[in-house]
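Notes to accompany the following structure.
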Number of protein chains: 2
Amino acid sequence: MTGLLTQEQLEDALREVGATRYHHLHPFQLRLQSGACSRGEVEAWALNRYLYQACIPQKDAIILARMDEAPLRREWRQRIIDHDGEREGEGGIAKWLKLTDDLGLDRETVMSGRLALPATKFAVNAYLSFVRDRSLLEAIASSLTELFSPMVIATRVSGMLANYDYVTKDTLAYFTARPVQAKRDSDFALDYVKTHARTPEQQRAVIGALEFKCSMLWAMLDALEHAYLYAKPWPDAFQASERGERQAAE
Amino acid sequence: MTGLLTQEQLEDALREVGATRYHHLHPFQLRLQSGACSRGEVEAWALNRYLYQACIPQKDAIILARMDEAPLRREWRQRIIDHDGEREGEGGIAKWLKLTDDLGLDRETVMSGRLALPATKFAVNAYLSFVRDRSLLEAIASSLTELFSPMVIATRVSGMLANYDYVTKDTLAYFTARPVQAKRDSDFALDYVKTHARTPEQQRAVIGALEFKCSMLWAMLDALEHAYLYAKPWPDAFQASERGERQAAE
């Protein structure tokens, strides 16, 4: 890839990144939706992913702060509202805490992040660094994993409902609103990068940004799979027993 | 731990962090020194750890930039000289490249970092963020893993020499100078944190900084073990064949 792509070719290249690198292909994701995860693994997934959910409004605020134009900021700020909500108890983060609540995890412990795996913290930190340190174009492009999330959400929700009796539709309320929000957000971001990546270098940077974001989501699942399936979690992290029973988390 | 520790108790607490959390206990480290690693795994280890080696002078420059006192800076700057050398081809980073050269890895590829695992990059990035964003006391304390490195270096060098016929003393030249440098540096840093952590909060922060650093080194080995032993590496990362033969790295 050395020359300038058409907008359609750029979109194809971005969709190819998703088809080959998005975490719908990750073994832990497949375990989660097939019912193969122990209760402890589901809890570890929800507890660790909370840190990712919680960073989203901060990530979007960093991006917002880098936008020079009010129309662009008016568009982008909705993402912050979606995750933080209009009032206490609303928004994506609150809905994720509904999931961890229903799994029996202590809310203060989850929110503190102190039982999360180190690798989860490093991945989330890398995402915040990326949107701060790279170009605005790359920061916006890194959000394009939302292009692929509707497909994984449907499979994950139906799989988890079918396979874990402690998971109800209400538990997974977070995912109800996300496909519509993700489609709206990714349509906008895709249009933005297609019209603003005007050189081969910018187009490569945009594709690289999406690869980075996919690698970050993948690394979070790698860390979960390693710690809870193949090896042992870091001693200060959440301990899930071998039989899948939840131990005292503190 | 709620009250103020004596300096000796603080040192004991720090040494306890090393005894329980330093990567001399990591299964991949034990494989590496016992001869159980395939050639591909040894290469992946050297290639990934290059990014850690290469970040050290930048990490120390960030710390140096935060020091207000010339005597402290004069002490700390030696670390940068040790890793960057007095001239081209000298210093710790050049010696690490001697290791990757001898393993047959392309130097430009290693230095670019493009075949490193995403989790390696995130861990290194987390270290740079830590020394920039936390207190100077915590930044200095995070270097205290050097207290424990002399013991692991001796075991690693003798184990690798005994078990891998493609590894010579010359290949491992990096490690020859490190125990003396590490002892000098960690003696200084230990004395600094013992005299400057004067409240229970500061003492807890110092211990937490060392735990963070241990978790970062541990996470790098977790990622290697997961990618090359249990699962598959990220598609854009270094691919080691199952038979331990090195494939084309590009």
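Numbering starts fresh at 1 for the residues of each chain in the structure tokens, the chains themselves are lettered A, B, ... in the order given, and ligands are numbered from 1 as they appear.
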(request) Please report as a PyMOL selection string which residues of chain A come no farther than 8 Å from chain B, using only C-alpha atoms. (result) chain A and resi 21+118-119+122-123+125-126+215-216+219+222-223+226+230+234-235
Let me see the file: selected residues, N, CA and C atoms, as a compact mmCIF listing (two decimals), in the first residue's frame.
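File result32.txt, as written:
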# COMPACT_ATOMS: atom_id res chain seq x y z
N ARG A 21 -8.69 -8.49 12.99
CA ARG A 21 -8.04 -8.13 14.25
C ARG A 21 -8.99 -7.74 15.39
N PRO A 118 -2.79 -5.93 36.08
CA PRO A 118 -1.88 -4.87 35.60
C PRO A 118 -1.99 -4.65 34.10
N ALA A 119 -2.06 -5.72 33.32
CA ALA A 119 -2.10 -5.56 31.86
C ALA A 119 -3.35 -4.81 31.40
N PHE A 122 -2.53 -1.18 31.94
CA PHE A 122 -1.56 -0.69 30.96
C PHE A 122 -2.24 -0.47 29.60
N ALA A 123 -3.17 -1.37 29.24
CA ALA A 123 -3.86 -1.23 27.95
C ALA A 123 -4.72 0.03 27.95
N ASN A 125 -4.39 2.66 29.83
CA ASN A 125 -3.46 3.80 29.86
C ASN A 125 -2.89 4.07 28.47
N ALA A 126 -2.63 3.00 27.72
CA ALA A 126 -2.08 3.16 26.36
C ALA A 126 -3.11 3.85 25.46
N SER A 215 -5.59 -4.02 18.83
CA SER A 215 -4.56 -4.73 19.61
C SER A 215 -4.74 -4.48 21.10
N MET A 216 -5.27 -3.30 21.42
CA MET A 216 -5.49 -2.96 22.83
C MET A 216 -6.66 -3.78 23.40
N ALA A 219 -5.39 -7.38 23.66
CA ALA A 219 -4.46 -7.58 24.79
C ALA A 219 -5.21 -7.70 26.11
N ASP A 222 -6.35 -11.24 26.08
CA ASP A 222 -5.16 -12.09 26.30
C ASP A 222 -4.82 -12.16 27.79
N ALA A 223 -4.82 -11.02 28.43
CA ALA A 223 -4.43 -10.97 29.85
C ALA A 223 -5.42 -11.76 30.71
N HIS A 226 -4.92 -15.51 29.95
CA HIS A 226 -3.69 -16.02 30.55
C HIS A 226 -3.84 -16.18 32.06
N TYR A 230 -4.83 -20.11 31.89
CA TYR A 230 -3.56 -20.83 31.71
C TYR A 230 -2.61 -20.68 32.90
N TRP A 234 -1.92 -12.05 38.76
CA TRP A 234 -1.04 -11.25 39.61
C TRP A 234 -1.58 -11.29 41.04
N PRO A 235 -0.70 -11.46 42.06
CA PRO A 235 -1.20 -11.71 43.42
C PRO A 235 -2.14 -10.63 43.97
(request) Would you please work out which residue, of B:Arg79, B:Arg66, B:Lys95, B:Lys169, is nearest to B:Phe188 when using only C-alpha atoms? (result) B:Arg79
Would you kindly return, as a PDB file with all heavy atoms, in the first residue's frame, each protein, DNA or RNA residue with an atom no farther than 8 Å from any atom of B:Cys55, considering only C-alpha atoms and excluding same-chain residues fewer than 3 positions away?
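Below is the file that was written, result-v4.pdb:
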ATOM      1  N   LEU B  51      12.567  -3.329  23.842  1.00  0.00           N
ATOM      2  CA  LEU B  51      11.791  -2.087  24.038  1.00  0.00           C
ATOM      3  C   LEU B  51      11.928  -1.569  25.465  1.00  0.00           C
ATOM      4  O   LEU B  51      11.947  -0.355  25.698  1.00  0.00           O
ATOM      5  CB  LEU B  51      10.318  -2.297  23.709  1.00  0.00           C
ATOM      6  CG  LEU B  51       9.959  -2.440  22.234  1.00  0.00           C
ATOM      7  CD1 LEU B  51       8.458  -2.291  22.055  1.00  0.00           C
ATOM      8  CD2 LEU B  51      10.687  -1.424  21.376  1.00  0.00           C
ATOM      9  N   TYR B  52      11.987  -2.497  26.416  1.00  0.00           N
ATOM     10  CA  TYR B  52      12.196  -2.093  27.811  1.00  0.00           C
ATOM     11  C   TYR B  52      13.589  -1.487  27.980  1.00  0.00           C
ATOM     12  O   TYR B  52      13.755  -0.410  28.557  1.00  0.00           O
ATOM     13  CB  TYR B  52      11.996  -3.297  28.733  1.00  0.00           C
ATOM     14  CG  TYR B  52      12.385  -3.034  30.163  1.00  0.00           C
ATOM     15  CD1 TYR B  52      11.639  -2.162  30.955  1.00  0.00           C
ATOM     16  CD2 TYR B  52      13.512  -3.631  30.719  1.00  0.00           C
ATOM     17  CE1 TYR B  52      12.004  -1.901  32.269  1.00  0.00           C
ATOM     18  CE2 TYR B  52      13.883  -3.382  32.026  1.00  0.00           C
ATOM     19  CZ  TYR B  52      13.128  -2.516  32.788  1.00  0.00           C
ATOM     20  OH  TYR B  52      13.499  -2.252  34.090  1.00  0.00           O
ATOM     21  N   GLN B  58      15.242   7.146  28.455  1.00  0.00           N
ATOM     22  CA  GLN B  58      14.137   8.103  28.386  1.00  0.00           C
ATOM     23  C   GLN B  58      13.444   8.191  29.741  1.00  0.00           C
ATOM     24  O   GLN B  58      13.120   9.285  30.216  1.00  0.00           O
ATOM     25  CB  GLN B  58      13.139   7.674  27.306  1.00  0.00           C
ATOM     26  CG  GLN B  58      13.760   7.719  25.917  1.00  0.00           C
ATOM     27  CD  GLN B  58      12.827   7.211  24.839  1.00  0.00           C
ATOM     28  OE1 GLN B  58      12.340   6.090  24.919  1.00  0.00           O
ATOM     29  NE2 GLN B  58      12.586   8.032  23.839  1.00  0.00           N
ATOM     30  N   LYS B  59      13.241   7.037  30.355  1.00  0.00           N
ATOM     31  CA  LYS B  59      12.658   7.005  31.701  1.00  0.00           C
ATOM     32  C   LYS B  59      13.519   7.813  32.665  1.00  0.00           C
ATOM     33  O   LYS B  59      13.017   8.634  33.448  1.00  0.00           O
ATOM     34  CB  LYS B  59      12.539   5.535  32.141  1.00  0.00           C
ATOM     35  CG  LYS B  59      12.002   5.290  33.527  1.00  0.00           C
ATOM     36  CD  LYS B  59      13.073   5.233  34.609  1.00  0.00           C
ATOM     37  CE  LYS B  59      14.017   4.056  34.486  1.00  0.00           C
ATOM     38  NZ  LYS B  59      14.989   3.999  35.625  1.00  0.00           N
ATOM     39  N   VAL B 124       5.711  -0.874  28.673  1.00  0.00           N
ATOM     40  CA  VAL B 124       6.789   0.117  28.621  1.00  0.00           C
ATOM     41  C   VAL B 124       6.208   1.534  28.699  1.00  0.00           C
ATOM     42  O   VAL B 124       6.700   2.399  29.430  1.00  0.00           O
ATOM     43  CB  VAL B 124       7.632  -0.089  27.346  1.00  0.00           C
ATOM     44  CG1 VAL B 124       8.547   1.099  27.099  1.00  0.00           C
ATOM     45  CG2 VAL B 124       8.442  -1.380  27.454  1.00  0.00           C
ATOM     46  N   LEU B 128       6.837   4.688  31.494  1.00  0.00           N
ATOM     47  CA  LEU B 128       7.146   6.093  31.201  1.00  0.00           C
ATOM     48  C   LEU B 128       6.069   7.017  31.783  1.00  0.00           C
ATOM     49  O   LEU B 128       6.385   8.080  32.334  1.00  0.00           O
ATOM     50  CB  LEU B 128       7.272   6.304  29.687  1.00  0.00           C
ATOM     51  CG  LEU B 128       8.433   5.571  29.012  1.00  0.00           C
ATOM     52  CD1 LEU B 128       8.403   5.788  27.497  1.00  0.00           C
ATOM     53  CD2 LEU B 128       9.780   6.023  29.571  1.00  0.00           C
TER      54      LEU B 128
END
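Residues lying within 9 Å of B:Glu11, counting only C-alpha atoms and ignoring same-chain neighbours fewer than 5 positions away, are B:Thr6, B:Glu16, B:Leu190, B:Lys194.
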(message) Would you compute the distance between atom CA of B:Pro179 and atom CA of B:Arg15? Give it in Å to one decimal.
(response)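 These atoms are spaced 17.0 Å apart.
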(request) Take atom CA of B:Gln239 and atom CA of B:Val110 and report the distance between them in Å, one decimal. (result)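 One can read the atom CA of B:Gln239 to atom CA of B:Val110 distance as 13.3 Å.
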(request) Taking the DSSP assignment computed from this structure's backbone, write out as an NGL selection string all residues of stretch 5-215 of chain A that belong to alpha helix (DSSP H). (result) :A and (7-21 or 27-34 or 39-65 or 70-84 or 92-102 or 107-112 or 118-133 or 136-141 or 149-163 or 173-196 or 200-215)
(request) Could you jot down the atom CA of A:Met111 to atom CA of A:Ile93 separation for me, Å, one decimal place? (result)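 Separation between atom CA of A:Met111 and atom CA of A:Ile93: 10.0 Å.
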(request) Fewer than 6 positions away in the same chain doesn't count, so skip those; otherwise give me all residues within 9 Å of B:Ala141, counting only C-alpha atoms, as a VMD selection string. (result) chain B and resid 189 to 190 192 to 193 205 to 210 213
(message) Which residues are close to B:Arg204, i.e. within 10 Å by only C-alpha atoms, leaving aside same-chain residues fewer than 5 positions away? Reply as a PyMOL selection string.
(response) chain B and resi 1-2+4-5+10+13+138+197+199+209
